[in-house]
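What follows is the content of target_33.cif (mmCIF, C-alpha atoms and all ligand atoms).
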data_run
#
loop_
_atom_site.group_PDB
_atom_site.id
_atom_site.type_symbol
_atom_site.label_atom_id
_atom_site.label_comp_id
_atom_site.auth_asym_id
_atom_site.auth_seq_id
_atom_site.Cartn_x
_atom_site.Cartn_y
_atom_site.Cartn_z
ATOM 1 C CA MET S 1 17.175 -20.390 22.078
ATOM 2 C CA LYS S 2 15.701 -19.501 18.672
ATOM 3 C CA ARG S 3 15.428 -15.984 17.315
ATOM 4 C CA ILE S 4 11.969 -15.088 16.003
ATOM 5 C CA ALA S 5 11.082 -12.098 13.810
ATOM 6 C CA VAL S 6 7.390 -11.235 13.510
ATOM 7 C CA LEU S 7 5.776 -9.470 10.548
ATOM 8 C CA ALA S 8 2.353 -7.933 11.240
ATOM 9 C CA SER S 9 0.181 -5.297 9.550
ATOM 10 C CA GLY S 10 -2.589 -4.538 12.006
ATOM 11 C CA ARG S 11 -4.220 -5.385 15.310
ATOM 12 C CA GLY S 12 -1.586 -7.956 16.217
ATOM 13 C CA SER S 13 -3.634 -10.264 18.445
ATOM 14 C CA ASN S 14 -1.732 -13.261 17.075
ATOM 15 C CA PHE S 15 1.522 -11.417 17.709
ATOM 16 C CA GLN S 16 0.309 -10.919 21.305
ATOM 17 C CA ALA S 17 -0.397 -14.645 21.647
ATOM 18 C CA VAL S 18 3.201 -15.310 20.589
ATOM 19 C CA ILE S 19 4.569 -12.669 22.983
ATOM 20 C CA ASP S 20 2.561 -14.233 25.841
ATOM 21 C CA ALA S 21 3.674 -17.782 24.995
ATOM 22 C CA ILE S 22 7.315 -16.680 24.991
ATOM 23 C CA ALA S 23 6.867 -14.805 28.290
ATOM 24 C CA SER S 24 5.319 -17.832 29.980
ATOM 25 C CA GLY S 25 8.101 -20.126 28.749
ATOM 26 C CA LYS S 26 5.909 -22.138 26.363
ATOM 27 C CA ILE S 27 7.987 -21.123 23.317
ATOM 28 C CA PRO S 28 11.759 -21.423 23.783
ATOM 29 C CA ALA S 29 12.615 -18.328 21.764
ATOM 30 C CA ALA S 30 13.258 -14.619 21.828
ATOM 31 C CA CYS S 31 11.291 -12.229 19.642
ATOM 32 C CA VAL S 32 14.014 -9.993 18.213
ATOM 33 C CA VAL S 33 11.979 -7.589 16.071
ATOM 34 C CA LEU S 34 8.509 -6.637 14.853
ATOM 35 C CA ILE S 35 8.539 -5.638 11.200
ATOM 36 C CA THR S 36 5.434 -3.834 9.945
ATOM 37 C CA ASP S 37 4.345 -2.270 6.666
ATOM 38 C CA ASN S 38 1.796 -0.101 8.491
ATOM 39 C CA PRO S 39 2.885 2.824 10.702
ATOM 40 C CA GLY S 40 -0.593 2.803 12.302
ATOM 41 C CA ALA S 41 -0.567 -0.885 13.278
ATOM 42 C CA TYR S 42 -1.676 -1.582 16.862
ATOM 43 C CA ALA S 43 0.951 -4.343 16.843
ATOM 44 C CA ILE S 44 3.516 -1.541 17.318
ATOM 45 C CA GLU S 45 2.067 -0.718 20.782
ATOM 46 C CA ARG S 46 2.175 -4.380 21.715
ATOM 47 C CA ALA S 47 5.847 -4.555 20.737
ATOM 48 C CA GLY S 48 6.545 -1.425 22.776
ATOM 49 C CA LYS S 49 4.931 -2.904 25.896
ATOM 50 C CA ALA S 50 6.935 -6.109 25.478
ATOM 51 C CA GLY S 51 10.219 -4.281 24.833
ATOM 52 C CA ILE S 52 10.524 -5.626 21.288
ATOM 53 C CA PRO S 53 12.259 -3.377 18.710
ATOM 54 C CA VAL S 54 10.087 -2.230 15.797
ATOM 55 C CA LYS S 55 11.091 -1.732 12.193
ATOM 56 C CA ILE S 56 8.544 0.116 10.031
ATOM 57 C CA ILE S 57 8.858 -0.567 6.306
ATOM 58 C CA ASP S 58 6.048 1.667 5.102
ATOM 59 C CA PHE S 59 4.907 0.472 1.688
ATOM 60 C CA ALA S 60 3.544 3.925 0.837
ATOM 61 C CA SER S 61 6.959 5.545 1.277
ATOM 62 C CA PHE S 62 8.659 3.541 -1.486
ATOM 63 C CA PRO S 63 8.589 4.568 -5.169
ATOM 64 C CA THR S 64 8.153 1.007 -6.426
ATOM 65 C CA ARG S 65 7.132 -2.403 -5.169
ATOM 66 C CA GLU S 66 10.677 -3.624 -5.890
ATOM 67 C CA ALA S 67 12.184 -0.922 -3.664
ATOM 68 C CA TYR S 68 9.809 -1.892 -0.863
ATOM 69 C CA GLU S 69 10.679 -5.576 -1.252
ATOM 70 C CA GLN S 70 14.406 -4.809 -1.137
ATOM 71 C CA ALA S 71 13.978 -2.817 2.085
ATOM 72 C CA LEU S 72 11.878 -5.591 3.585
ATOM 73 C CA LEU S 73 14.427 -8.218 2.602
ATOM 74 C CA ALA S 74 17.222 -6.149 4.133
ATOM 75 C CA ALA S 75 15.285 -5.743 7.409
ATOM 76 C CA MET S 76 14.580 -9.473 7.541
ATOM 77 C CA GLU S 77 18.207 -10.399 6.869
ATOM 78 C CA GLU S 78 19.343 -7.933 9.500
ATOM 79 C CA ALA S 79 17.143 -9.715 12.059
ATOM 80 C CA ARG S 80 19.149 -12.948 11.583
ATOM 81 C CA ALA S 81 16.088 -14.865 12.716
ATOM 82 C CA ASP S 82 15.714 -18.627 12.813
ATOM 83 C CA LEU S 83 12.012 -18.177 12.077
ATOM 84 C CA TYR S 84 9.978 -15.439 10.365
ATOM 85 C CA VAL S 85 6.404 -15.356 11.617
ATOM 86 C CA LEU S 86 3.652 -13.784 9.489
ATOM 87 C CA ALA S 87 1.063 -12.742 12.076
ATOM 88 C CA GLY S 88 -1.591 -10.967 10.042
ATOM 89 C CA TYR S 89 0.875 -9.624 7.505
ATOM 90 C CA MET S 90 -1.539 -8.515 4.828
ATOM 91 C CA ARG S 91 0.763 -8.181 1.826
ATOM 92 C CA ILE S 92 1.794 -10.906 -0.533
ATOM 93 C CA LEU S 93 5.550 -11.337 -0.217
ATOM 94 C CA GLY S 94 7.559 -11.286 -3.423
ATOM 95 C CA SER S 95 9.224 -14.516 -4.445
ATOM 96 C CA GLU S 96 12.709 -13.131 -3.790
ATOM 97 C CA VAL S 97 11.791 -12.603 -0.135
ATOM 98 C CA VAL S 98 10.077 -15.978 0.179
ATOM 99 C CA ARG S 99 12.985 -17.812 -1.450
ATOM 100 C CA ALA S 100 15.493 -16.165 0.859
ATOM 101 C CA PHE S 101 14.127 -18.076 3.876
ATOM 102 C CA PRO S 102 13.088 -21.586 2.766
ATOM 103 C CA GLY S 103 11.528 -23.598 5.592
ATOM 104 C CA LYS S 104 12.017 -20.630 7.914
ATOM 105 C CA MET S 105 8.769 -18.720 7.450
ATOM 106 C CA VAL S 106 5.315 -19.546 8.809
ATOM 107 C CA ASN S 107 1.913 -17.939 8.278
ATOM 108 C CA ILE S 108 -1.460 -18.193 9.962
ATOM 109 C CA HIS S 109 -4.532 -18.154 7.756
ATOM 110 C CA PRO S 110 -8.137 -17.985 9.020
ATOM 111 C CA ALA S 111 -9.476 -20.896 6.959
ATOM 112 C CA LEU S 112 -9.017 -24.611 6.538
ATOM 113 C CA LEU S 113 -6.630 -24.486 3.608
ATOM 114 C CA PRO S 114 -6.659 -25.177 0.722
ATOM 115 C CA SER S 115 -10.161 -23.683 0.929
ATOM 116 C CA PHE S 116 -10.593 -19.915 0.962
ATOM 117 C CA THR S 117 -7.148 -18.510 0.230
ATOM 118 C CA GLY S 118 -6.430 -14.782 0.074
ATOM 119 C CA LEU S 119 -8.369 -11.986 1.704
ATOM 120 C CA HIS S 120 -11.603 -12.235 3.740
ATOM 121 C CA ALA S 121 -11.360 -15.986 4.221
ATOM 122 C CA GLN S 122 -14.036 -15.980 6.929
ATOM 123 C CA ARG S 123 -16.463 -14.081 4.645
ATOM 124 C CA GLN S 124 -15.748 -16.563 1.867
ATOM 125 C CA ALA S 125 -16.552 -19.434 4.256
ATOM 126 C CA VAL S 126 -19.863 -17.888 5.383
ATOM 127 C CA LEU S 127 -20.903 -17.103 1.806
ATOM 128 C CA HIS S 128 -20.034 -20.608 0.670
ATOM 129 C CA GLY S 129 -22.184 -22.129 3.399
ATOM 130 C CA VAL S 130 -19.589 -24.507 4.829
ATOM 131 C CA LYS S 131 -20.494 -26.184 8.127
ATOM 132 C CA VAL S 132 -16.943 -26.360 9.471
ATOM 133 C CA ALA S 133 -14.279 -23.667 9.293
ATOM 134 C CA GLY S 134 -11.015 -23.017 11.094
ATOM 135 C CA CYS S 135 -7.439 -21.884 10.837
ATOM 136 C CA THR S 136 -4.228 -23.194 9.325
ATOM 137 C CA VAL S 137 -0.588 -22.634 10.246
ATOM 138 C CA HIS S 138 1.685 -23.411 7.315
ATOM 139 C CA PHE S 139 5.161 -22.903 5.969
ATOM 140 C CA VAL S 140 5.353 -20.153 3.371
ATOM 141 C CA ASP S 141 6.397 -20.961 -0.155
ATOM 142 C CA ASP S 142 5.917 -19.291 -3.533
ATOM 143 C CA SER S 143 2.219 -20.148 -3.748
ATOM 144 C CA LEU S 144 -0.653 -18.136 -2.274
ATOM 145 C CA ASP S 145 -1.412 -19.719 1.122
ATOM 146 C CA GLY S 146 -0.294 -23.047 -0.334
ATOM 147 C CA GLY S 147 2.814 -24.133 1.596
ATOM 148 C CA PRO S 148 3.115 -27.323 3.692
ATOM 149 C CA ILE S 149 0.579 -27.416 6.535
ATOM 150 C CA ILE S 150 1.875 -27.615 10.117
ATOM 151 C CA LEU S 151 -1.437 -27.743 11.945
ATOM 152 C CA GLN S 152 -5.099 -26.870 11.646
ATOM 153 C CA LYS S 153 -7.896 -26.294 14.133
ATOM 154 C CA CYS S 154 -11.564 -26.386 13.226
ATOM 155 C CA VAL S 155 -14.701 -24.718 14.536
ATOM 156 C CA PRO S 156 -18.385 -25.179 13.685
ATOM 157 C CA VAL S 157 -20.206 -22.637 11.519
ATOM 158 C CA MET S 158 -23.647 -21.761 12.925
ATOM 159 C CA ASP S 159 -26.652 -21.126 10.689
ATOM 160 C CA ASP S 160 -26.937 -17.457 11.577
ATOM 161 C CA ASP S 161 -23.220 -16.680 11.717
ATOM 162 C CA GLY S 162 -22.100 -13.461 10.100
ATOM 163 C CA GLU S 163 -18.523 -12.916 9.019
ATOM 164 C CA ASP S 164 -17.569 -11.349 12.367
ATOM 165 C CA ASP S 165 -19.116 -14.137 14.467
ATOM 166 C CA LEU S 166 -17.143 -16.719 12.568
ATOM 167 C CA ALA S 167 -13.972 -14.618 12.588
ATOM 168 C CA ASP S 168 -14.152 -14.339 16.415
ATOM 169 C CA ARG S 169 -14.648 -18.080 16.826
ATOM 170 C CA ILE S 170 -11.727 -18.842 14.496
ATOM 171 C CA LEU S 171 -9.495 -16.217 16.131
ATOM 172 C CA GLU S 172 -9.751 -17.991 19.508
ATOM 173 C CA GLN S 173 -8.330 -21.083 17.850
ATOM 174 C CA GLU S 174 -5.650 -19.069 16.034
ATOM 175 C CA HIS S 175 -4.349 -17.903 19.388
ATOM 176 C CA ILE S 176 -3.908 -21.546 20.402
ATOM 177 C CA ALA S 177 -2.675 -22.932 17.084
ATOM 178 C CA PHE S 178 -0.039 -20.339 16.246
ATOM 179 C CA PRO S 179 1.984 -20.527 19.479
ATOM 180 C CA GLU S 180 1.706 -24.328 19.347
ATOM 181 C CA ALA S 181 3.133 -24.511 15.816
ATOM 182 C CA ILE S 182 5.899 -22.031 16.646
ATOM 183 C CA ARG S 183 6.789 -24.020 19.749
ATOM 184 C CA LEU S 184 7.119 -27.197 17.656
ATOM 185 C CA PHE S 185 9.409 -25.360 15.229
ATOM 186 C CA CYS S 186 11.539 -23.978 18.052
ATOM 187 C CA GLU S 187 11.871 -27.451 19.549
ATOM 188 C CA ASN S 188 13.224 -28.674 16.164
ATOM 189 C CA ARG S 189 10.292 -31.052 15.849
ATOM 190 C CA LEU S 190 9.058 -30.125 12.371
ATOM 191 C CA GLU S 191 10.325 -31.819 9.250
ATOM 192 C CA ILE S 192 9.121 -30.908 5.770
ATOM 193 C CA VAL S 193 8.786 -33.986 3.563
ATOM 194 C CA GLY S 194 7.435 -32.908 0.168
ATOM 195 C CA ARG S 195 4.011 -31.407 0.804
ATOM 196 C CA LYS S 196 3.767 -32.850 4.299
ATOM 197 C CA VAL S 197 5.068 -31.644 7.611
ATOM 198 C CA ARG S 198 6.042 -34.453 9.989
ATOM 199 C CA VAL S 199 5.878 -33.671 13.694
ATOM 200 C CA ARG S 200 8.518 -35.579 15.671
ATOM 201 C CA LYS S 201 7.538 -36.901 19.096
HETATM 202 C C1 LIG S 301 -5.969 -13.129 11.588
HETATM 203 O O1 LIG S 301 -7.282 -13.625 11.568
HETATM 204 C C2 LIG S 301 -5.098 -13.846 10.583
HETATM 205 O O2 LIG S 301 -5.395 -15.203 10.468
HETATM 206 C C3 LIG S 301 -5.450 -13.104 9.320
HETATM 207 O O3 LIG S 301 -5.538 -11.755 9.701
HETATM 208 C C4 LIG S 301 -5.931 -11.674 11.065
HETATM 209 C C5 LIG S 301 -4.935 -10.839 11.821
HETATM 210 O O4 LIG S 301 -5.372 -10.600 13.124
HETATM 211 N N1 LIG S 301 -4.494 -13.310 8.284
HETATM 212 C C6 LIG S 301 -4.804 -13.395 6.998
HETATM 213 O O5 LIG S 301 -5.937 -13.288 6.570
HETATM 214 C C7 LIG S 301 -3.621 -13.645 6.074
HETATM 215 N N2 LIG S 301 -4.086 -13.876 4.747
HETATM 216 P P1 LIG S 301 -4.361 -10.102 14.235
HETATM 217 O O6 LIG S 301 -3.648 -8.871 13.633
HETATM 218 O O7 LIG S 301 -5.201 -9.732 15.412
HETATM 219 O O8 LIG S 301 -3.401 -11.208 14.526
#
Please go through the file and, once you have read it, give me the structure as structure tokens.
Amino acid sequence: MKRIAVLASGRGSNFQAVIDAIASGKIPAACVVLITDNPGAYAIERAGKAGIPVKIIDFASFPTREAYEQALLAAMEEARADLYVLAGYMRILGSEVVRAFPGKMVNIHPALLPSFTGLHAQRQAVLHGVKVAGCTVHFVDDSLDGGPIILQKCVPVMDDDGEDDLADRILEQEHIAFPEAIRLFCENRLEIVGRKVRVRK
């Protein structure tokens, strides 16, 4: 049974999808901690309901970015997780943190990477006028949203879509894609080969 640590900053609907997939036996893992940088995150309530311990590393309470990163790193090491899951964690992780867990950290991004990295990916997609959008689950490396891709799901973009319409349509797919990718990891079926992720049968 794998140990999963989740990092989330806000609403936590992807975190909930992971909690539900664990509860129903789809992901062979235990979620050992929720780590959040935001004391007001709704993800904290979700953890409470699921009996998952919460560690708040409040960015605003640290004198420097370095001090925050050290506290975060310590909390992550303490979790002794097999996999660190970024479920709407809205801060860029420093390279020391990223390098501490090579091949052991995954992120979900609401765009078909490598298009539309960073913040407001769905807004970027609408403004650009793309006809297809989606979400990407990928391993985290030193680059911004650039690590090896595990899986992607796509959705159509309608002519009169606003940012929120598209975000809702993508989010439905996120809730399918993220648990699926985490399940594959927990079943030891993912292999990183250069930029590619091979999925073993
Ligand atoms: C999700 O759409 C996720 O893909 C996105 O934030 C949202 C979090 O929602 N993440 C990023 O944009 C990361 N750059 P949630 O808190 O309900 O899971």
Enumerate, as a short mmCIF file (atom, residue, chain, number, x, y, z; two decimals) with C-alpha atoms, keeping the file's coordinate frame, the residues matched when the PyMOL selection byres (((chain S and resi 64-73) around 9) and not hetatm) is run on the file above.
data_model
loop_
_atom_site.label_atom_id
_atom_site.label_comp_id
_atom_site.auth_asym_id
_atom_site.auth_seq_id
_atom_site.Cartn_x
_atom_site.Cartn_y
_atom_site.Cartn_z
CA ILE S 35 8.54 -5.64 11.20
CA ASP S 37 4.34 -2.27 6.67
CA ILE S 57 8.86 -0.57 6.31
CA ASP S 58 6.05 1.67 5.10
CA PHE S 59 4.91 0.47 1.69
CA ALA S 60 3.54 3.92 0.84
CA SER S 61 6.96 5.54 1.28
CA PHE S 62 8.66 3.54 -1.49
CA PRO S 63 8.59 4.57 -5.17
CA ALA S 74 17.22 -6.15 4.13
CA ALA S 75 15.28 -5.74 7.41
CA MET S 76 14.58 -9.47 7.54
CA GLU S 77 18.21 -10.40 6.87
CA GLU S 78 19.34 -7.93 9.50
CA LEU S 93 5.55 -11.34 -0.22
CA GLY S 94 7.56 -11.29 -3.42
CA GLU S 96 12.71 -13.13 -3.79
CA VAL S 97 11.79 -12.60 -0.14
CA ALA S 100 15.49 -16.16 0.86
#
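Using all atoms listed in the file, the smallest distance between any of S:Val197, S:Ala41, S:Cys154, S:Met1 and ligand LIG 301 (chain S) comes from S:Ala41.
Considering the residues S:Gly103, S:Gly134, S:Pro39, S:Pro156 and counting only C-alpha atoms and all ligand atoms, ligand LIG 301 (chain S) has its shortest atom-to-atom contact with S:Gly134.
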Distance limit 10 Å, reference ligand LIG 301 (chain S), atoms considered: only C-alpha atoms and all ligand atoms. Which residues make the cut? Give them as a ChimeraX atom specification. /S:7-18,41-43,86-92,107-111,116-122,134-137,144-145,167-168,170-175,178
Write out, as a Markdown table, each residue of region 37-152 of chain S that has an atom at most 9 Å from region 157-161 of chain S, together with the closest pair of atoms and their distance in Å to one decimal, counting all atoms listed in the file, rows going by chain and rising number.
| residue | atom | partner | partner_atom | distance |
| --- | --- | --- | --- | --- |
| S:Ala125 | CA | S:Val157 | CA | 8.7 |
| S:Val126 | CA | S:Asp161 | CA | 7.3 |
| S:Gly129 | CA | S:Val157 | CA | 8.4 |
| S:Val130 | CA | S:Val157 | CA | 7.0 |
| S:Lys131 | CA | S:Val157 | CA | 4.9 |
| S:Val132 | CA | S:Val157 | CA | 5.4 |
| S:Ala133 | CA | S:Val157 | CA | 6.4 |
Using only C-alpha atoms for the distances, tell me which of S:Gly194, S:Gly40, S:Pro102, S:Pro53 is nearest to Asp82 (chain S).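 Closest to Asp82 (chain S) of all the choices is S:Pro102.
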Which residues, named as in the file, does the PyMOL selection byres (((chain S and resi 2) around 7) and not hetatm) pick out? Answer as number ranges by chain. S: 1, 3-4, 28-30, 82, 186
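CA of Lys153 (chain S) sits 18.6 Å away from CA of Arg195 (chain S).
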List as JSON, numbers by chain the residues having at least one atom at most 12 Å from position (8.0, -36.4, 17.6) as given in the file, counting only C-alpha atoms. {"S": [184, 185, 187, 188, 189, 190, 191, 197, 198, 199, 200, 201]}
Which neighbours of Ala79 (chain S) fall inside 7 Å, counting all atoms listed in the file, when residues of the same chain fewer than 6 positions from it are skipped, and could you give them as a PyMOL selection string? chain S and resi 5+32-33
Take every atom of region 75-86 of chain S listed in the file, fit an axis-aligned box around them, add 5 Å per side, and give the centre and edge lengths in Å to one decimal as JSON.
{"center_x": 11.5, "center_y": -12.2, "center_z": 9.8, "size_x": 25.7, "size_y": 22.9, "size_z": 15.9}
Run the PyMOL selection byres (((chain S and resi 140) around 8) and not hetatm) mentally over the shown coordinates, then write out the matched residues as a PyMOL selection string, using the chain letters and numbers from the document. chain S and resi 98+102-103+105-107+138-139+141-143+145-148
Take the residues from that selection and write them out as a compact mmCIF listing (two decimals), in the coordinates of the input, keeping C-alpha atoms.
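The resulting part39.txt:
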# COMPACT_ATOMS: atom_id res chain seq x y z
CA VAL S 98 10.08 -15.98 0.18
CA PRO S 102 13.09 -21.59 2.77
CA GLY S 103 11.53 -23.60 5.59
CA MET S 105 8.77 -18.72 7.45
CA VAL S 106 5.32 -19.55 8.81
CA ASN S 107 1.91 -17.94 8.28
CA HIS S 138 1.68 -23.41 7.32
CA PHE S 139 5.16 -22.90 5.97
CA ASP S 141 6.40 -20.96 -0.16
CA ASP S 142 5.92 -19.29 -3.53
CA SER S 143 2.22 -20.15 -3.75
CA ASP S 145 -1.41 -19.72 1.12
CA GLY S 146 -0.29 -23.05 -0.33
CA GLY S 147 2.81 -24.13 1.60
CA PRO S 148 3.12 -27.32 3.69
Just the number, please: distance in Å from CA of Leu166 (chain S) to CA of Leu112 (chain S), one decimal. 12.8 Å
Rounded to one decimal place, report the CA of Leu83 (chain S)-CA of Arg183 (chain S) distance in Å. 11.0 Å
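Compared by their closest atoms to Arg169 (chain S), and using all atoms listed in the file, the residues S:Ile192, S:Val85, S:Val155, S:Val6 rank with S:Val155 nearest.
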